[in-house]
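*Asks:* Coordinates in run_13.cif, mmCIF, N, CA, C and O atoms, are listed below.
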```cif
data_my_file
#
loop_
_atom_site.label_atom_id
_atom_site.label_comp_id
_atom_site.auth_asym_id
_atom_site.auth_seq_id
_atom_site.Cartn_x
_atom_site.Cartn_y
_atom_site.Cartn_z
N MET A 1 28.96 3.05 3.77
CA MET A 1 27.65 3.63 3.92
C MET A 1 27.34 3.77 5.41
O MET A 1 27.62 2.88 6.20
N ASP A 2 26.74 4.88 5.78
CA ASP A 2 26.36 5.15 7.16
C ASP A 2 25.46 4.02 7.66
O ASP A 2 24.62 3.50 6.92
N ALA A 3 25.61 3.68 8.94
CA ALA A 3 24.83 2.58 9.51
C ALA A 3 23.33 2.80 9.45
O ALA A 3 22.55 1.85 9.43
N TYR A 4 22.90 4.06 9.41
CA TYR A 4 21.47 4.35 9.36
C TYR A 4 20.93 4.46 7.94
O TYR A 4 19.74 4.34 7.71
N ILE A 5 21.80 4.72 6.99
CA ILE A 5 21.35 4.92 5.62
C ILE A 5 20.87 3.62 4.99
O ILE A 5 19.82 3.58 4.35
N GLU A 6 21.62 2.55 5.15
CA GLU A 6 21.26 1.28 4.50
C GLU A 6 19.87 0.78 4.89
O GLU A 6 19.08 0.43 4.01
N PRO A 7 19.51 0.78 6.19
CA PRO A 7 18.15 0.34 6.53
C PRO A 7 17.07 1.24 5.93
O PRO A 7 16.02 0.76 5.51
N VAL A 8 17.33 2.54 5.85
CA VAL A 8 16.36 3.46 5.26
C VAL A 8 16.19 3.17 3.78
O VAL A 8 15.08 3.11 3.26
N VAL A 9 17.31 2.96 3.09
CA VAL A 9 17.26 2.63 1.66
C VAL A 9 16.49 1.33 1.46
O VAL A 9 15.64 1.24 0.56
N ASN A 10 16.74 0.34 2.30
CA ASN A 10 16.03 -0.94 2.19
C ASN A 10 14.53 -0.78 2.46
O ASN A 10 13.70 -1.39 1.77
N ALA A 11 14.17 0.05 3.43
CA ALA A 11 12.76 0.29 3.73
C ALA A 11 12.08 0.98 2.55
O ALA A 11 10.96 0.63 2.18
N LEU A 12 12.77 1.93 1.94
CA LEU A 12 12.18 2.64 0.80
C LEU A 12 12.03 1.73 -0.42
O LEU A 12 11.13 1.94 -1.23
N LYS A 13 12.86 0.71 -0.52
CA LYS A 13 12.69 -0.27 -1.60
C LYS A 13 11.38 -1.02 -1.43
O LYS A 13 10.73 -1.38 -2.40
N ILE A 14 10.98 -1.25 -0.18
CA ILE A 14 9.75 -1.99 0.10
C ILE A 14 8.51 -1.12 -0.09
O ILE A 14 7.52 -1.56 -0.65
N ILE A 15 8.54 0.12 0.41
CA ILE A 15 7.33 0.94 0.38
C ILE A 15 7.39 2.06 -0.66
O ILE A 15 6.42 2.81 -0.80
N GLY A 16 8.50 2.17 -1.37
CA GLY A 16 8.63 3.22 -2.37
C GLY A 16 7.81 2.94 -3.61
O GLY A 16 7.34 1.84 -3.84
N GLY A 17 7.63 3.95 -4.39
CA GLY A 17 6.85 3.82 -5.61
C GLY A 17 5.63 4.71 -5.54
O GLY A 17 5.23 5.16 -4.47
N LYS A 18 5.06 4.96 -6.67
CA LYS A 18 3.95 5.91 -6.76
C LYS A 18 2.71 5.46 -6.01
O LYS A 18 1.99 6.28 -5.44
N TRP A 19 2.43 4.17 -5.94
CA TRP A 19 1.13 3.70 -5.44
C TRP A 19 1.17 2.94 -4.12
O TRP A 19 0.13 2.75 -3.49
N LYS A 20 2.34 2.48 -3.68
CA LYS A 20 2.38 1.59 -2.52
C LYS A 20 1.86 2.23 -1.24
O LYS A 20 1.09 1.61 -0.50
N ILE A 21 2.25 3.46 -0.97
CA ILE A 21 1.77 4.12 0.24
C ILE A 21 0.25 4.29 0.18
O ILE A 21 -0.45 4.09 1.18
N ALA A 22 -0.27 4.65 -0.98
CA ALA A 22 -1.72 4.82 -1.14
C ALA A 22 -2.44 3.49 -0.90
O ALA A 22 -3.50 3.46 -0.26
N ILE A 23 -1.88 2.41 -1.39
CA ILE A 23 -2.48 1.08 -1.18
C ILE A 23 -2.45 0.73 0.30
O ILE A 23 -3.46 0.31 0.88
N LEU A 24 -1.31 0.93 0.94
CA LEU A 24 -1.18 0.63 2.36
C LEU A 24 -2.12 1.49 3.20
O LEU A 24 -2.74 1.01 4.14
N TYR A 25 -2.24 2.75 2.83
CA TYR A 25 -3.16 3.65 3.54
C TYR A 25 -4.59 3.13 3.44
O TYR A 25 -5.32 3.07 4.43
N GLN A 26 -5.00 2.74 2.25
CA GLN A 26 -6.37 2.25 2.06
C GLN A 26 -6.61 0.96 2.82
O GLN A 26 -7.65 0.79 3.44
N LEU A 27 -5.64 0.06 2.80
CA LEU A 27 -5.80 -1.22 3.51
C LEU A 27 -5.73 -1.02 5.02
O LEU A 27 -6.20 -1.87 5.78
N ASN A 28 -5.16 0.10 5.44
CA ASN A 28 -5.12 0.43 6.86
C ASN A 28 -6.53 0.70 7.38
O ASN A 28 -6.84 0.44 8.53
N GLU A 29 -7.39 1.20 6.50
CA GLU A 29 -8.77 1.48 6.87
C GLU A 29 -9.56 0.18 7.02
O GLU A 29 -10.30 0.02 7.98
N SER A 30 -9.41 -0.72 6.05
CA SER A 30 -10.11 -2.01 6.09
C SER A 30 -9.63 -2.88 4.94
O SER A 30 -9.09 -2.36 3.96
N PRO A 31 -9.82 -4.20 5.03
CA PRO A 31 -9.48 -5.06 3.89
C PRO A 31 -10.28 -4.64 2.66
O PRO A 31 -11.39 -4.12 2.79
N CYS A 32 -9.69 -4.83 1.49
CA CYS A 32 -10.34 -4.41 0.24
C CYS A 32 -10.20 -5.48 -0.82
O CYS A 32 -9.21 -6.21 -0.85
N ARG A 33 -11.17 -5.50 -1.70
CA ARG A 33 -11.09 -6.33 -2.89
C ARG A 33 -10.37 -5.55 -3.97
O ARG A 33 -10.25 -4.32 -3.92
N PHE A 34 -9.88 -6.27 -4.97
CA PHE A 34 -9.12 -5.67 -6.06
C PHE A 34 -9.89 -4.53 -6.73
O PHE A 34 -9.37 -3.44 -6.94
N GLY A 35 -11.14 -4.80 -7.08
CA GLY A 35 -11.96 -3.80 -7.76
C GLY A 35 -12.16 -2.53 -6.94
O GLY A 35 -12.17 -1.43 -7.49
N GLU A 36 -12.31 -2.70 -5.62
CA GLU A 36 -12.45 -1.53 -4.74
C GLU A 36 -11.19 -0.68 -4.78
O GLU A 36 -11.26 0.54 -4.88
N LEU A 37 -10.04 -1.36 -4.68
CA LEU A 37 -8.77 -0.64 -4.72
C LEU A 37 -8.60 0.09 -6.04
O LEU A 37 -8.19 1.25 -6.07
N LYS A 38 -8.93 -0.57 -7.12
CA LYS A 38 -8.78 0.06 -8.44
C LYS A 38 -9.68 1.29 -8.56
O LYS A 38 -9.26 2.32 -9.08
N ARG A 39 -10.89 1.21 -8.04
CA ARG A 39 -11.81 2.34 -8.10
C ARG A 39 -11.32 3.49 -7.22
O ARG A 39 -11.29 4.65 -7.64
N ILE A 40 -10.88 3.18 -6.00
CA ILE A 40 -10.43 4.20 -5.06
C ILE A 40 -9.14 4.87 -5.54
O ILE A 40 -8.96 6.08 -5.37
N LEU A 41 -8.25 4.08 -6.14
CA LEU A 41 -6.94 4.60 -6.56
C LEU A 41 -6.91 5.06 -8.01
O LEU A 41 -5.83 5.21 -8.59
N HIS A 42 -8.08 5.31 -8.57
CA HIS A 42 -8.15 5.81 -9.95
C HIS A 42 -7.18 6.98 -10.11
O HIS A 42 -7.15 7.85 -9.25
N PRO A 43 -6.31 7.03 -11.06
CA PRO A 43 -6.28 6.37 -12.36
C PRO A 43 -5.28 5.21 -12.47
O PRO A 43 -4.76 4.96 -13.55
N ILE A 44 -5.01 4.50 -11.37
CA ILE A 44 -4.07 3.38 -11.45
C ILE A 44 -4.59 2.36 -12.46
O ILE A 44 -5.79 2.12 -12.56
N THR A 45 -3.66 1.79 -13.23
CA THR A 45 -4.05 0.76 -14.19
C THR A 45 -4.15 -0.58 -13.49
O THR A 45 -3.54 -0.80 -12.44
N GLN A 46 -4.88 -1.50 -14.11
CA GLN A 46 -5.01 -2.84 -13.55
C GLN A 46 -3.64 -3.52 -13.45
O GLN A 46 -3.33 -4.16 -12.46
N GLN A 47 -2.83 -3.34 -14.48
CA GLN A 47 -1.50 -3.95 -14.51
C GLN A 47 -0.63 -3.40 -13.38
O GLN A 47 0.06 -4.17 -12.70
N MET A 48 -0.65 -2.09 -13.15
CA MET A 48 0.17 -1.50 -12.10
C MET A 48 -0.33 -1.91 -10.72
O MET A 48 0.47 -2.21 -9.84
N LEU A 49 -1.65 -1.94 -10.53
CA LEU A 49 -2.19 -2.36 -9.24
C LEU A 49 -1.80 -3.80 -8.95
O LEU A 49 -1.36 -4.12 -7.84
N THR A 50 -1.91 -4.67 -9.94
CA THR A 50 -1.51 -6.07 -9.76
C THR A 50 -0.04 -6.17 -9.38
O THR A 50 0.32 -6.90 -8.45
N LYS A 51 0.80 -5.42 -10.07
CA LYS A 51 2.25 -5.44 -9.80
C LYS A 51 2.55 -4.97 -8.38
O LYS A 51 3.31 -5.61 -7.65
N GLN A 52 1.94 -3.85 -7.98
CA GLN A 52 2.18 -3.30 -6.65
C GLN A 52 1.68 -4.23 -5.56
O GLN A 52 2.36 -4.43 -4.55
N LEU A 53 0.51 -4.83 -5.76
CA LEU A 53 -0.03 -5.77 -4.77
C LEU A 53 0.86 -7.00 -4.64
O LEU A 53 1.12 -7.46 -3.53
N ARG A 54 1.35 -7.50 -5.74
CA ARG A 54 2.24 -8.67 -5.70
C ARG A 54 3.53 -8.35 -4.94
O ARG A 54 4.02 -9.17 -4.15
N GLU A 55 4.09 -7.18 -5.20
CA GLU A 55 5.32 -6.78 -4.51
C GLU A 55 5.08 -6.60 -3.01
O GLU A 55 5.89 -7.05 -2.19
N LEU A 56 3.98 -5.96 -2.65
CA LEU A 56 3.67 -5.78 -1.23
C LEU A 56 3.42 -7.12 -0.54
O LEU A 56 3.83 -7.32 0.60
N GLU A 57 2.80 -8.05 -1.25
CA GLU A 57 2.58 -9.39 -0.69
C GLU A 57 3.90 -10.13 -0.55
O GLU A 57 4.18 -10.75 0.49
N GLN A 58 4.74 -10.04 -1.56
CA GLN A 58 6.05 -10.71 -1.53
C GLN A 58 6.91 -10.17 -0.38
O GLN A 58 7.65 -10.91 0.25
N ASP A 59 6.79 -8.88 -0.09
CA ASP A 59 7.57 -8.26 0.98
C ASP A 59 6.94 -8.45 2.35
O ASP A 59 7.48 -7.99 3.36
N GLY A 60 5.79 -9.11 2.40
CA GLY A 60 5.16 -9.45 3.67
C GLY A 60 4.34 -8.35 4.31
O GLY A 60 3.99 -8.45 5.48
N LEU A 61 4.01 -7.30 3.55
CA LEU A 61 3.23 -6.20 4.10
C LEU A 61 1.73 -6.43 4.00
O LEU A 61 0.96 -5.91 4.81
N ILE A 62 1.30 -7.18 2.99
CA ILE A 62 -0.12 -7.47 2.83
C ILE A 62 -0.31 -8.97 2.63
O ILE A 62 0.62 -9.68 2.27
N SER A 63 -1.53 -9.40 2.89
CA SER A 63 -1.88 -10.79 2.61
C SER A 63 -3.03 -10.81 1.63
O SER A 63 -3.83 -9.86 1.56
N ARG A 64 -3.10 -11.86 0.88
CA ARG A 64 -4.12 -12.04 -0.15
C ARG A 64 -4.93 -13.26 0.23
O ARG A 64 -4.39 -14.35 0.40
N ARG A 65 -6.23 -13.07 0.39
CA ARG A 65 -7.10 -14.18 0.75
C ARG A 65 -8.07 -14.45 -0.39
O ARG A 65 -8.79 -13.56 -0.83
N VAL A 66 -8.06 -15.69 -0.87
CA VAL A 66 -8.93 -16.10 -1.97
C VAL A 66 -10.09 -16.89 -1.38
O VAL A 66 -9.88 -17.87 -0.66
N TYR A 67 -11.30 -16.45 -1.69
CA TYR A 67 -12.51 -17.16 -1.25
C TYR A 67 -12.94 -18.09 -2.38
O TYR A 67 -12.95 -17.71 -3.54
N ASN A 68 -13.31 -19.29 -2.02
CA ASN A 68 -13.70 -20.29 -2.99
C ASN A 68 -15.19 -20.14 -3.32
O ASN A 68 -16.03 -20.93 -2.89
N VAL A 69 -15.49 -19.06 -4.06
CA VAL A 69 -16.87 -18.79 -4.47
C VAL A 69 -16.87 -18.43 -5.95
O VAL A 69 -15.83 -18.19 -6.55
N ILE A 70 -18.06 -18.42 -6.52
CA ILE A 70 -18.20 -18.02 -7.92
C ILE A 70 -19.09 -16.79 -7.96
O ILE A 70 -20.20 -16.83 -7.43
N PRO A 71 -18.64 -15.69 -8.54
CA PRO A 71 -17.33 -15.47 -9.14
C PRO A 71 -16.25 -15.40 -8.05
O PRO A 71 -16.57 -15.14 -6.89
N PRO A 72 -14.99 -15.63 -8.42
CA PRO A 72 -13.91 -15.64 -7.42
C PRO A 72 -13.85 -14.31 -6.67
O PRO A 72 -14.07 -13.25 -7.22
N LYS A 73 -13.57 -14.40 -5.38
CA LYS A 73 -13.44 -13.22 -4.54
C LYS A 73 -12.05 -13.24 -3.92
O LYS A 73 -11.65 -14.23 -3.31
N VAL A 74 -11.32 -12.15 -4.08
CA VAL A 74 -9.98 -12.01 -3.50
C VAL A 74 -9.98 -10.75 -2.66
O VAL A 74 -10.45 -9.70 -3.10
N GLU A 75 -9.47 -10.86 -1.45
CA GLU A 75 -9.44 -9.72 -0.54
C GLU A 75 -8.01 -9.52 -0.05
O GLU A 75 -7.30 -10.47 0.24
N TYR A 76 -7.61 -8.26 0.02
CA TYR A 76 -6.27 -7.89 0.48
C TYR A 76 -6.38 -7.21 1.83
O TYR A 76 -7.29 -6.41 2.06
N SER A 77 -5.44 -7.51 2.72
CA SER A 77 -5.41 -6.88 4.03
C SER A 77 -3.96 -6.75 4.49
O SER A 77 -3.06 -7.40 3.94
N LEU A 78 -3.76 -5.90 5.49
CA LEU A 78 -2.41 -5.73 6.03
C LEU A 78 -2.05 -6.90 6.92
O LEU A 78 -2.89 -7.41 7.66
N THR A 79 -0.80 -7.30 6.86
CA THR A 79 -0.27 -8.29 7.79
C THR A 79 0.14 -7.55 9.07
O THR A 79 0.07 -6.32 9.14
N GLN A 80 0.61 -8.27 10.06
CA GLN A 80 1.13 -7.62 11.28
C GLN A 80 2.29 -6.69 10.92
O GLN A 80 2.39 -5.59 11.45
N PHE A 81 3.13 -7.14 10.01
CA PHE A 81 4.25 -6.32 9.54
C PHE A 81 3.71 -5.05 8.87
O PHE A 81 4.21 -3.95 9.12
N GLY A 82 2.70 -5.18 8.05
CA GLY A 82 2.08 -4.03 7.39
C GLY A 82 1.43 -3.09 8.40
O GLY A 82 1.53 -1.87 8.27
N LEU A 83 0.78 -3.66 9.41
CA LEU A 83 0.15 -2.83 10.45
C LEU A 83 1.18 -2.02 11.22
O LEU A 83 0.87 -0.95 11.73
N SER A 84 2.42 -2.51 11.27
CA SER A 84 3.47 -1.77 11.99
C SER A 84 3.79 -0.44 11.30
O SER A 84 4.41 0.43 11.89
N LEU A 85 3.34 -0.28 10.05
CA LEU A 85 3.54 0.98 9.33
C LEU A 85 2.47 2.02 9.65
O LEU A 85 2.57 3.17 9.21
N LYS A 86 1.45 1.65 10.40
CA LYS A 86 0.34 2.56 10.70
C LYS A 86 0.83 3.90 11.26
O LYS A 86 0.41 4.95 10.76
N PRO A 87 1.71 3.93 12.26
CA PRO A 87 2.16 5.23 12.76
C PRO A 87 2.98 6.01 11.73
O PRO A 87 2.92 7.24 11.68
N VAL A 88 3.71 5.31 10.89
CA VAL A 88 4.51 5.97 9.85
C VAL A 88 3.59 6.63 8.83
O VAL A 88 3.78 7.80 8.46
N ILE A 89 2.58 5.90 8.39
CA ILE A 89 1.64 6.44 7.41
C ILE A 89 0.84 7.58 8.03
O ILE A 89 0.60 8.61 7.38
N GLY A 90 0.48 7.45 9.30
CA GLY A 90 -0.22 8.53 9.99
C GLY A 90 0.63 9.79 10.07
O GLY A 90 0.14 10.90 9.82
N SER A 91 1.90 9.63 10.38
CA SER A 91 2.82 10.77 10.43
C SER A 91 2.99 11.40 9.05
O SER A 91 3.04 12.63 8.92
N LEU A 92 3.06 10.57 8.02
CA LEU A 92 3.19 11.08 6.66
C LEU A 92 1.95 11.89 6.27
O LEU A 92 2.06 12.99 5.71
N CYS A 93 0.78 11.36 6.60
CA CYS A 93 -0.47 12.08 6.30
C CYS A 93 -0.52 13.42 7.03
O CYS A 93 -0.94 14.43 6.47
N LYS A 94 -0.10 13.43 8.28
CA LYS A 94 -0.07 14.68 9.07
C LYS A 94 0.89 15.67 8.42
O LYS A 94 0.57 16.85 8.26
N TRP A 95 2.06 15.21 8.03
CA TRP A 95 3.06 16.07 7.39
C TRP A 95 2.50 16.65 6.08
O TRP A 95 2.67 17.83 5.80
N VAL A 96 1.82 15.81 5.30
CA VAL A 96 1.24 16.27 4.04
C VAL A 96 0.20 17.35 4.30
O VAL A 96 0.20 18.39 3.63
N SER A 97 -0.67 17.13 5.25
CA SER A 97 -1.72 18.13 5.51
C SER A 97 -1.13 19.43 6.04
O SER A 97 -1.62 20.51 5.71
N GLU A 98 -0.07 19.35 6.81
CA GLU A 98 0.57 20.56 7.35
C GLU A 98 1.38 21.31 6.29
O GLU A 98 1.63 22.50 6.44
N ASN A 99 1.81 20.62 5.26
CA ASN A 99 2.68 21.22 4.25
C ASN A 99 2.09 21.16 2.84
O ASN A 99 2.83 21.26 1.86
N ASN A 100 0.79 21.03 2.77
CA ASN A 100 0.13 20.84 1.49
C ASN A 100 0.46 21.95 0.49
O ASN A 100 0.64 21.69 -0.69
N LYS A 101 0.55 23.18 0.95
CA LYS A 101 0.83 24.29 0.02
C LYS A 101 2.22 24.19 -0.58
O LYS A 101 2.44 24.65 -1.69
N HIS A 102 3.15 23.56 0.09
CA HIS A 102 4.50 23.39 -0.42
C HIS A 102 4.62 22.18 -1.35
O HIS A 102 5.50 22.10 -2.19
N ILE A 103 3.71 21.23 -1.19
CA ILE A 103 3.78 19.97 -1.93
C ILE A 103 3.17 20.10 -3.32
O ILE A 103 3.64 19.50 -4.26
N LYS A 104 2.13 20.90 -3.46
CA LYS A 104 1.45 21.04 -4.74
C LYS A 104 2.39 21.63 -5.71
O LYS A 104 2.84 21.61 -6.61
#
```
Go ahead and express the file in the form of structure tokens.

*Replies:*
Amino acid sequence: MDAYIEPVVNALKIIGGKWKIAILYQLNESPCRFGELKRILHPITQQMLTKQLRELEQDGLISRRVYNVIPPKVEYSLTQFGLSLKPVIGSLCKWVSENNKHIK
């Protein structure tokens, strides 16, 4: 395998999937609670959002902060590693807006 292909494949394993980029984009704006993410990313299911958040947390891109209040409050935010994707996500958004007619 080409020396450049393997790292790209590994990166896509971390950020690939239907919802991960959208989640990262939203968390790039500000930390969010689960319910906010579910509302913003409609029609994502609760099960899929939970799965994607767990994977992103496991891969070190987001952190999950639990507040000890009633009712329980959980907030998700980007880690330093996740913040390093900011220019990548920005470039992707620019590419999408420039090529929107080809993407639809």

*Asks:* Taking only C-alpha atoms into account, which of A:Lys94, A:His42, A:Lys86, A:Lys104 comes nearest Leu27 of chain A?

*Replies:*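 That would be A:Lys86, the residue with the smallest distance to Leu27 of chain A.
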
*Asks:* Which residues come within 8 Å of segment 34-38 of chain A, counting all atoms listed in the file, excluding same-chain residues fewer than 5 positions away, as a list in words?

*Replies:*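 So, after excluding close chain neighbours, the residues are Ala22, Ile23, Gln26, Pro43, Ile44, Thr45, Gln46, Leu49, Lys73, Val74, Glu75 and Tyr76 of chain A.
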
*Asks:* Starting from the shown file, work through the PyMOL selection byres (((chain A and resi 61-65 and name CA) around 10) and name CA) and note down what comes out as a VMD selection string.

*Replies:* chain A and resid 14 to 15 23 to 24 27 31 to 33 53 to 60 66 to 68 73 to 85

*Asks:* Hey, which of A:Pro71, A:Asn10, A:Met48, A:Leu92 ends up closest to Tyr25 of chain A? Count only C-alpha atoms.

*Replies:*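 The answer is A:Leu92, which sits nearest to Tyr25 of chain A.
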
*Asks:* Can you pull out every residue from chain A that DSSP, working from the backbone, puts in strand (DSSP E), and format the result as a ChimeraX atom specification?

*Replies:* /A:32-33,62-67,73-78

*Asks:* Would you mind reading off the distance between atom CA of Ala3 of chain A and atom C of Val88 of chain A, one decimal, in Å?

*Replies:*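 One can read the atom CA of Ala3 of chain A to atom C of Val88 of chain A distance as 21.6 Å.
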
*Asks:* Quick one: DSSP alpha helix (DSSP H) residues in chain A, as a PyMOL selection string?

*Replies:* chain A and resi 5-15+20-29+34-40+46-58+80-83+86-98+100-103

*Asks:* Using atom C of Ser91 of chain A and atom C of Ile21 of chain A as the two end points, give the distance in Å to one decimal.

*Replies:*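 Taking atom C of Ser91 of chain A and atom C of Ile21 of chain A, their separation equals 11.7 Å.
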
*Asks:* As an exercise, work out the distance from atom O of Leu41 of chain A to atom CA of Val9 of chain A in Å and give it to one decimal place.

*Replies:*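 Distance reported for this atom pair: 25.4 Å.
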
*Asks:* Taking into account only N, CA, C and O atoms, which residue in the set A:Ile103, A:Pro87, A:Lys20, A:Cys93 is nearest to Gln52 of chain A?

*Replies:*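 The answer is A:Lys20, which sits nearest to Gln52 of chain A.
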
*Asks:* Please put the answer as lines of an AutoDock Vina configuration file: centre and edge lengths, in Å with one decimal, of a box along x, y and z that encloses all listed atoms of segment 90-95 of chain A plus 8 Å on each side.

*Replies:*
```
center_x = 1.1
center_y = 12.6
center_z = 8.1
size_x = 20.1
size_y = 26.4
size_z = 20.7
```
